[in-house]
Amino acid sequence: MSVANPGATIRYTAMRIVIFMGSLVFCALLVHFGIVPKGLGGSNFIWTILLALVISAPLSFVLLRKQRDKMSEQLINRVERAKDKLETSRTQEDGLTQ
């Protein structure tokens, strides 16, 4: 995996972070201007983070569908290669003991 072409997992994670950060800024602005009520007491920061999580989760689910599928394919391929290596190793060991 090179820096110029990051893997699907890294790209998906980076995109999720960007969507969350955008939601966090958006929610902070809504709370700051009084469009959304502030949290009780000193819970304003936690309220803003929770609101950003609630907004960013469905956005990520819808907007990153293709990227999530690519990541899934990449992970499936890695698991299959690991299974093949394990099976090859196992058959080599069986051949030595017989």
# chains A, B, ... in the order shown; residues from 1 in each chain; ligands from 1
call {"tool": "residues_around", "arguments": {"residues": "Val25 (chain A)", "least_positions_apart": "2", "cutoff": "12 Å", "atoms": "only C-alpha atoms", "output": "PyMOL selection string"}}
result
chain A and resi 18-23+27-32+45+48-49+51-53+55-56
call {"tool": "write_last_selection", "arguments": {"atoms": "all heavy atoms", "output": "short mmCIF file (atom, residue, chain, number, x, y, z; two decimals), in the first residue's frame"}}
result
data_model
loop_
_atom_site.label_atom_id
_atom_site.label_comp_id
_atom_site.auth_asym_id
_atom_site.auth_seq_id
_atom_site.Cartn_x
_atom_site.Cartn_y
_atom_site.Cartn_z
N VAL A 18 -13.93 13.22 8.12
CA VAL A 18 -14.27 14.50 7.51
C VAL A 18 -15.76 14.79 7.67
O VAL A 18 -16.15 15.92 8.02
CB VAL A 18 -13.85 14.52 6.02
CG1 VAL A 18 -14.47 15.69 5.28
CG2 VAL A 18 -12.34 14.53 5.90
N ILE A 19 -16.60 13.80 7.45
CA ILE A 19 -18.04 14.00 7.62
C ILE A 19 -18.37 14.32 9.07
O ILE A 19 -19.17 15.22 9.35
CB ILE A 19 -18.83 12.77 7.11
CG1 ILE A 19 -18.75 12.70 5.59
CG2 ILE A 19 -20.28 12.82 7.58
CD1 ILE A 19 -19.37 11.46 5.00
N PHE A 20 -17.73 13.63 10.01
CA PHE A 20 -17.99 13.91 11.42
C PHE A 20 -17.53 15.33 11.79
O PHE A 20 -18.24 16.06 12.49
CB PHE A 20 -17.31 12.89 12.33
CG PHE A 20 -17.40 13.26 13.78
CD1 PHE A 20 -18.59 13.16 14.45
CD2 PHE A 20 -16.29 13.74 14.46
CE1 PHE A 20 -18.70 13.53 15.78
CE2 PHE A 20 -16.38 14.10 15.78
CZ PHE A 20 -17.59 14.00 16.45
N MET A 21 -16.34 15.71 11.33
CA MET A 21 -15.83 17.04 11.66
C MET A 21 -16.73 18.13 11.07
O MET A 21 -16.98 19.15 11.72
CB MET A 21 -14.39 17.20 11.18
CG MET A 21 -13.40 16.29 11.90
SD MET A 21 -13.44 16.43 13.68
CE MET A 21 -12.68 18.01 13.91
N GLY A 22 -17.20 17.91 9.85
CA GLY A 22 -18.14 18.87 9.25
C GLY A 22 -19.43 18.96 10.05
O GLY A 22 -19.95 20.06 10.29
N SER A 23 -19.93 17.83 10.49
CA SER A 23 -21.14 17.81 11.32
C SER A 23 -20.90 18.49 12.66
O SER A 23 -21.77 19.20 13.17
CB SER A 23 -21.60 16.38 11.56
OG SER A 23 -21.94 15.76 10.36
N CYS A 27 -22.96 21.63 13.92
CA CYS A 27 -23.70 21.59 15.19
C CYS A 27 -23.23 22.67 16.15
O CYS A 27 -24.03 23.27 16.86
CB CYS A 27 -23.58 20.22 15.82
SG CYS A 27 -24.43 18.94 14.90
N ALA A 28 -21.92 22.90 16.18
CA ALA A 28 -21.39 23.95 17.06
C ALA A 28 -21.94 25.31 16.66
O ALA A 28 -22.27 26.14 17.52
CB ALA A 28 -19.87 23.94 17.01
N LEU A 29 -22.04 25.55 15.36
CA LEU A 29 -22.61 26.82 14.90
C LEU A 29 -24.09 26.92 15.25
O LEU A 29 -24.57 27.99 15.66
CB LEU A 29 -22.41 26.97 13.39
CG LEU A 29 -20.98 27.22 12.93
CD1 LEU A 29 -20.89 27.18 11.42
CD2 LEU A 29 -20.48 28.55 13.47
N LEU A 30 -24.82 25.81 15.10
CA LEU A 30 -26.24 25.83 15.47
C LEU A 30 -26.43 26.12 16.95
O LEU A 30 -27.31 26.90 17.33
CB LEU A 30 -26.89 24.48 15.12
CG LEU A 30 -27.09 24.16 13.65
CD1 LEU A 30 -27.69 22.77 13.50
CD2 LEU A 30 -27.97 25.19 12.98
N VAL A 31 -25.60 25.52 17.78
CA VAL A 31 -25.70 25.75 19.23
C VAL A 31 -25.26 27.17 19.57
O VAL A 31 -25.88 27.85 20.39
CB VAL A 31 -24.86 24.70 20.00
CG1 VAL A 31 -24.73 25.06 21.47
CG2 VAL A 31 -25.48 23.31 19.86
N HIS A 32 -24.19 27.63 18.93
CA HIS A 32 -23.66 28.97 19.22
C HIS A 32 -24.69 30.06 18.90
O HIS A 32 -24.84 31.02 19.66
CB HIS A 32 -22.38 29.20 18.42
CG HIS A 32 -21.81 30.57 18.61
ND1 HIS A 32 -21.21 30.96 19.78
CD2 HIS A 32 -21.76 31.64 17.77
CE1 HIS A 32 -20.81 32.21 19.66
NE2 HIS A 32 -21.13 32.65 18.45
N PHE A 45 -20.50 20.96 25.42
CA PHE A 45 -19.54 20.29 24.54
C PHE A 45 -19.98 18.86 24.24
O PHE A 45 -19.96 18.41 23.09
CB PHE A 45 -18.15 20.32 25.17
CG PHE A 45 -17.09 19.71 24.32
CD1 PHE A 45 -16.70 20.32 23.13
CD2 PHE A 45 -16.48 18.52 24.68
CE1 PHE A 45 -15.72 19.76 22.33
CE2 PHE A 45 -15.51 17.95 23.89
CZ PHE A 45 -15.12 18.57 22.71
N THR A 48 -22.98 18.86 21.91
CA THR A 48 -22.60 19.15 20.53
C THR A 48 -22.00 17.92 19.87
O THR A 48 -22.31 17.61 18.71
CB THR A 48 -21.61 20.33 20.49
OG1 THR A 48 -22.17 21.44 21.19
CG2 THR A 48 -21.29 20.74 19.08
N ILE A 49 -21.15 17.19 20.58
CA ILE A 49 -20.54 15.97 20.02
C ILE A 49 -21.60 14.91 19.74
O ILE A 49 -21.60 14.27 18.68
CB ILE A 49 -19.45 15.43 20.96
CG1 ILE A 49 -18.24 16.36 20.93
CG2 ILE A 49 -19.03 14.02 20.56
CD1 ILE A 49 -17.15 15.99 21.88
N LEU A 51 -24.80 15.35 19.19
CA LEU A 51 -25.62 15.80 18.08
C LEU A 51 -24.88 15.59 16.75
O LEU A 51 -25.48 15.15 15.77
CB LEU A 51 -25.98 17.27 18.27
CG LEU A 51 -27.00 17.87 17.32
CD1 LEU A 51 -28.31 17.10 17.39
CD2 LEU A 51 -27.22 19.34 17.65
N ALA A 52 -23.59 15.86 16.73
CA ALA A 52 -22.79 15.65 15.51
C ALA A 52 -22.74 14.16 15.16
O ALA A 52 -22.80 13.80 13.98
CB ALA A 52 -21.38 16.21 15.70
N LEU A 53 -22.63 13.29 16.16
CA LEU A 53 -22.63 11.85 15.90
C LEU A 53 -23.96 11.40 15.29
O LEU A 53 -23.99 10.60 14.35
CB LEU A 53 -22.36 11.07 17.18
CG LEU A 53 -20.93 11.04 17.67
CD1 LEU A 53 -20.86 10.43 19.07
CD2 LEU A 53 -20.07 10.25 16.71
N ILE A 55 -26.02 13.17 13.56
CA ILE A 55 -26.15 13.69 12.20
C ILE A 55 -25.20 12.99 11.24
O ILE A 55 -25.56 12.66 10.10
CB ILE A 55 -25.93 15.22 12.19
CG1 ILE A 55 -27.10 15.91 12.88
CG2 ILE A 55 -25.75 15.75 10.77
CD1 ILE A 55 -26.92 17.39 13.07
N SER A 56 -23.96 12.74 11.67
CA SER A 56 -22.96 12.20 10.75
C SER A 56 -23.17 10.71 10.44
O SER A 56 -22.79 10.25 9.36
CB SER A 56 -21.55 12.41 11.30
OG SER A 56 -21.31 11.61 12.44
#
call {"tool": "residues_around", "arguments": {"residues": "region 67-76 of chain A", "least_positions_apart": "2", "cutoff": "10 Å", "atoms": "only C-alpha atoms", "output": "ChimeraX atom specification"}}
result
/A:7-13,15,60-61,63-65,78-82
call {"tool": "select_by_dssp", "arguments": {"residues": "region 28-86 of chain A", "states": "helix (DSSP H, G or I)", "output": "PyMOL selection string"}}
result
chain A and resi 28-32+44-63+65-86
call {"tool": "write_last_selection", "arguments": {"atoms": "N, CA and C atoms", "output": "compact mmCIF listing (two decimals), in the first residue's frame"}}
result
# COMPACT_ATOMS: atom_id res chain seq x y z
N ALA A 28 -21.92 22.90 16.18
CA ALA A 28 -21.39 23.95 17.06
C ALA A 28 -21.94 25.31 16.66
N LEU A 29 -22.04 25.55 15.36
CA LEU A 29 -22.61 26.82 14.90
C LEU A 29 -24.09 26.92 15.25
N LEU A 30 -24.82 25.81 15.10
CA LEU A 30 -26.24 25.83 15.47
C LEU A 30 -26.43 26.12 16.95
N VAL A 31 -25.60 25.52 17.78
CA VAL A 31 -25.70 25.75 19.23
C VAL A 31 -25.26 27.17 19.57
N HIS A 32 -24.19 27.63 18.93
CA HIS A 32 -23.66 28.97 19.22
C HIS A 32 -24.69 30.06 18.90
N ASN A 44 -22.54 21.42 27.37
CA ASN A 44 -22.67 21.94 26.02
C ASN A 44 -21.75 21.21 25.04
N PHE A 45 -20.50 20.96 25.42
CA PHE A 45 -19.54 20.29 24.54
C PHE A 45 -19.98 18.86 24.24
N ILE A 46 -20.41 18.14 25.26
CA ILE A 46 -20.86 16.76 25.08
C ILE A 46 -22.13 16.74 24.22
N TRP A 47 -23.04 17.66 24.46
CA TRP A 47 -24.26 17.76 23.67
C TRP A 47 -23.93 17.97 22.19
N THR A 48 -22.98 18.86 21.91
CA THR A 48 -22.60 19.15 20.53
C THR A 48 -22.00 17.92 19.87
N ILE A 49 -21.15 17.19 20.58
CA ILE A 49 -20.54 15.97 20.02
C ILE A 49 -21.60 14.91 19.74
N LEU A 50 -22.51 14.71 20.68
CA LEU A 50 -23.57 13.72 20.48
C LEU A 50 -24.48 14.08 19.30
N LEU A 51 -24.80 15.35 19.19
CA LEU A 51 -25.62 15.80 18.08
C LEU A 51 -24.88 15.59 16.75
N ALA A 52 -23.59 15.86 16.73
CA ALA A 52 -22.79 15.65 15.51
C ALA A 52 -22.74 14.16 15.16
N LEU A 53 -22.63 13.29 16.16
CA LEU A 53 -22.63 11.85 15.90
C LEU A 53 -23.96 11.40 15.29
N VAL A 54 -25.05 11.92 15.83
CA VAL A 54 -26.37 11.55 15.34
C VAL A 54 -26.57 12.03 13.90
N ILE A 55 -26.02 13.17 13.56
CA ILE A 55 -26.15 13.69 12.20
C ILE A 55 -25.20 12.99 11.24
N SER A 56 -23.96 12.74 11.67
CA SER A 56 -22.96 12.20 10.75
C SER A 56 -23.17 10.71 10.44
N ALA A 57 -23.76 9.96 11.35
CA ALA A 57 -23.94 8.52 11.11
C ALA A 57 -24.81 8.23 9.88
N PRO A 58 -26.02 8.79 9.78
CA PRO A 58 -26.81 8.50 8.57
C PRO A 58 -26.21 9.11 7.31
N LEU A 59 -25.55 10.27 7.46
CA LEU A 59 -24.89 10.85 6.29
C LEU A 59 -23.80 9.92 5.77
N SER A 60 -23.00 9.39 6.67
CA SER A 60 -21.94 8.46 6.27
C SER A 60 -22.53 7.20 5.66
N PHE A 61 -23.60 6.72 6.23
CA PHE A 61 -24.23 5.50 5.72
C PHE A 61 -24.67 5.68 4.27
N VAL A 62 -25.24 6.82 3.96
CA VAL A 62 -25.75 7.07 2.62
C VAL A 62 -24.63 7.51 1.67
N LEU A 63 -23.82 8.46 2.09
CA LEU A 63 -22.82 9.04 1.19
C LEU A 63 -21.63 8.14 0.91
N ARG A 65 -21.53 4.73 0.73
CA ARG A 65 -21.93 3.36 0.40
C ARG A 65 -20.94 2.69 -0.55
N LYS A 66 -20.55 3.38 -1.62
CA LYS A 66 -19.62 2.79 -2.58
C LYS A 66 -18.26 2.53 -1.94
N GLN A 67 -17.80 3.48 -1.14
CA GLN A 67 -16.51 3.31 -0.49
C GLN A 67 -16.54 2.17 0.52
N ARG A 68 -17.67 2.01 1.22
CA ARG A 68 -17.81 0.92 2.17
C ARG A 68 -17.79 -0.43 1.46
N ASP A 69 -18.40 -0.49 0.28
CA ASP A 69 -18.38 -1.72 -0.51
C ASP A 69 -16.96 -2.05 -0.97
N LYS A 70 -16.21 -1.03 -1.41
CA LYS A 70 -14.81 -1.26 -1.81
C LYS A 70 -13.99 -1.76 -0.63
N MET A 71 -14.20 -1.16 0.54
CA MET A 71 -13.47 -1.57 1.73
C MET A 71 -13.82 -3.02 2.08
N SER A 72 -15.09 -3.37 1.96
CA SER A 72 -15.52 -4.72 2.25
C SER A 72 -14.86 -5.72 1.31
N GLU A 73 -14.81 -5.40 0.02
CA GLU A 73 -14.15 -6.28 -0.94
C GLU A 73 -12.67 -6.45 -0.61
N GLN A 74 -12.02 -5.35 -0.24
CA GLN A 74 -10.60 -5.41 0.10
C GLN A 74 -10.38 -6.31 1.33
N LEU A 75 -11.23 -6.17 2.33
CA LEU A 75 -11.09 -6.99 3.53
C LEU A 75 -11.38 -8.46 3.24
N ILE A 76 -12.37 -8.72 2.41
CA ILE A 76 -12.69 -10.11 2.05
C ILE A 76 -11.50 -10.74 1.33
N ASN A 77 -10.89 -10.00 0.41
CA ASN A 77 -9.72 -10.52 -0.30
C ASN A 77 -8.57 -10.82 0.65
N ARG A 78 -8.35 -9.95 1.62
CA ARG A 78 -7.28 -10.19 2.59
C ARG A 78 -7.55 -11.43 3.43
N VAL A 79 -8.79 -11.60 3.84
CA VAL A 79 -9.14 -12.77 4.64
C VAL A 79 -8.98 -14.04 3.81
N GLU A 80 -9.39 -14.01 2.57
CA GLU A 80 -9.25 -15.18 1.70
C GLU A 80 -7.77 -15.54 1.50
N ARG A 81 -6.93 -14.52 1.29
CA ARG A 81 -5.49 -14.80 1.14
C ARG A 81 -4.92 -15.39 2.41
N ALA A 82 -5.34 -14.89 3.57
CA ALA A 82 -4.85 -15.44 4.84
C ALA A 82 -5.31 -16.89 5.01
N LYS A 83 -6.55 -17.18 4.63
CA LYS A 83 -7.05 -18.55 4.72
C LYS A 83 -6.26 -19.47 3.79
N ASP A 84 -5.97 -18.98 2.58
CA ASP A 84 -5.19 -19.79 1.63
C ASP A 84 -3.79 -20.07 2.16
N LYS A 85 -3.15 -19.06 2.76
CA LYS A 85 -1.82 -19.25 3.34
C LYS A 85 -1.86 -20.27 4.47
N LEU A 86 -2.88 -20.15 5.30
CA LEU A 86 -3.03 -21.08 6.42
C LEU A 86 -3.24 -22.50 5.91
call {"tool": "atom_distance", "arguments": {"atom1": "CA of Ile17 (chain A)", "atom2": "CA of Leu40 (chain A)"}}
result
26.9 Å
call {"tool": "decode", "arguments": {"residues": "region 8-44 of chain A", "atoms": "N, CA and C atoms", "output": "CSV table (one decimal), in the first residue's frame"}}
result
chain,number,residue,atom,x,y,z
A,8,ALA,N,-8.6,1.2,0.6
A,8,ALA,CA,-10.0,1.5,0.8
A,8,ALA,C,-10.4,1.8,2.2
A,9,THR,N,-9.7,1.0,3.1
A,9,THR,CA,-10.1,1.2,4.5
A,9,THR,C,-9.6,2.6,5.0
A,10,ILE,N,-8.4,3.0,4.6
A,10,ILE,CA,-7.9,4.3,5.1
A,10,ILE,C,-8.8,5.4,4.5
A,11,ARG,N,-9.1,5.3,3.2
A,11,ARG,CA,-9.9,6.3,2.5
A,11,ARG,C,-11.3,6.4,3.2
A,12,TYR,N,-11.9,5.3,3.5
A,12,TYR,CA,-13.2,5.3,4.1
A,12,TYR,C,-13.2,5.9,5.5
A,13,THR,N,-12.1,5.6,6.3
A,13,THR,CA,-12.0,6.1,7.6
A,13,THR,C,-11.8,7.6,7.5
A,14,ALA,N,-10.9,8.1,6.6
A,14,ALA,CA,-10.7,9.5,6.5
A,14,ALA,C,-12.0,10.2,6.1
A,15,MET,N,-12.7,9.7,5.2
A,15,MET,CA,-14.0,10.3,4.8
A,15,MET,C,-15.0,10.3,5.9
A,16,ARG,N,-15.0,9.3,6.8
A,16,ARG,CA,-15.9,9.3,7.9
A,16,ARG,C,-15.5,10.4,8.9
A,17,ILE,N,-14.2,10.6,9.1
A,17,ILE,CA,-13.7,11.7,10.0
A,17,ILE,C,-14.1,13.0,9.4
A,18,VAL,N,-13.9,13.2,8.1
A,18,VAL,CA,-14.3,14.5,7.5
A,18,VAL,C,-15.8,14.8,7.7
A,19,ILE,N,-16.6,13.8,7.4
A,19,ILE,CA,-18.0,14.0,7.6
A,19,ILE,C,-18.4,14.3,9.1
A,20,PHE,N,-17.7,13.6,10.0
A,20,PHE,CA,-18.0,13.9,11.4
A,20,PHE,C,-17.5,15.3,11.8
A,21,MET,N,-16.3,15.7,11.3
A,21,MET,CA,-15.8,17.0,11.7
A,21,MET,C,-16.7,18.1,11.1
A,22,GLY,N,-17.2,17.9,9.8
A,22,GLY,CA,-18.1,18.9,9.3
A,22,GLY,C,-19.4,19.0,10.1
A,23,SER,N,-19.9,17.8,10.5
A,23,SER,CA,-21.1,17.8,11.3
A,23,SER,C,-20.9,18.5,12.7
A,24,LEU,N,-19.7,18.3,13.2
A,24,LEU,CA,-19.4,18.9,14.5
A,24,LEU,C,-19.3,20.4,14.4
A,25,VAL,N,-18.7,20.9,13.3
A,25,VAL,CA,-18.7,22.4,13.1
A,25,VAL,C,-20.1,22.9,12.9
A,26,PHE,N,-20.9,22.2,12.1
A,26,PHE,CA,-22.3,22.6,11.8
A,26,PHE,C,-23.1,22.7,13.1
A,27,CYS,N,-23.0,21.6,13.9
A,27,CYS,CA,-23.7,21.6,15.2
A,27,CYS,C,-23.2,22.7,16.1
A,28,ALA,N,-21.9,22.9,16.2
A,28,ALA,CA,-21.4,23.9,17.1
A,28,ALA,C,-21.9,25.3,16.7
A,29,LEU,N,-22.0,25.6,15.4
A,29,LEU,CA,-22.6,26.8,14.9
A,29,LEU,C,-24.1,26.9,15.2
A,30,LEU,N,-24.8,25.8,15.1
A,30,LEU,CA,-26.2,25.8,15.5
A,30,LEU,C,-26.4,26.1,17.0
A,31,VAL,N,-25.6,25.5,17.8
A,31,VAL,CA,-25.7,25.7,19.2
A,31,VAL,C,-25.3,27.2,19.6
A,32,HIS,N,-24.2,27.6,18.9
A,32,HIS,CA,-23.7,29.0,19.2
A,32,HIS,C,-24.7,30.1,18.9
A,33,PHE,N,-25.4,29.9,17.8
A,33,PHE,CA,-26.4,30.9,17.4
A,33,PHE,C,-27.7,30.7,18.0
A,34,GLY,N,-27.9,29.7,18.8
A,34,GLY,CA,-29.2,29.5,19.5
A,34,GLY,C,-30.2,28.8,18.7
A,35,ILE,N,-29.9,28.3,17.5
A,35,ILE,CA,-30.9,27.6,16.7
A,35,ILE,C,-31.3,26.2,17.4
A,36,VAL,N,-30.3,25.6,18.0
A,36,VAL,CA,-30.4,24.4,18.8
A,36,VAL,C,-30.2,24.7,20.2
A,37,PRO,N,-31.0,24.3,21.2
A,37,PRO,CA,-30.7,24.6,22.5
A,37,PRO,C,-29.4,24.1,23.1
A,38,LYS,N,-28.8,24.9,24.0
A,38,LYS,CA,-27.6,24.4,24.6
A,38,LYS,C,-27.9,23.3,25.6
A,39,GLY,N,-26.9,22.5,25.9
A,39,GLY,CA,-27.0,21.5,26.9
A,39,GLY,C,-27.2,22.1,28.3
A,40,LEU,N,-27.5,21.2,29.3
A,40,LEU,CA,-27.7,21.7,30.6
A,40,LEU,C,-26.4,21.9,31.3
A,41,GLY,N,-26.2,23.0,32.0
A,41,GLY,CA,-25.0,23.3,32.7
A,41,GLY,C,-23.8,23.3,31.9
A,42,GLY,N,-22.8,22.4,32.2
A,42,GLY,CA,-21.6,22.4,31.5
A,42,GLY,C,-21.5,21.3,30.4
A,43,SER,N,-22.7,20.8,30.0
A,43,SER,CA,-22.7,19.7,29.1
A,43,SER,C,-22.8,20.2,27.6
A,44,ASN,N,-22.5,21.4,27.4
A,44,ASN,CA,-22.7,21.9,26.0
A,44,ASN,C,-21.7,21.2,25.0
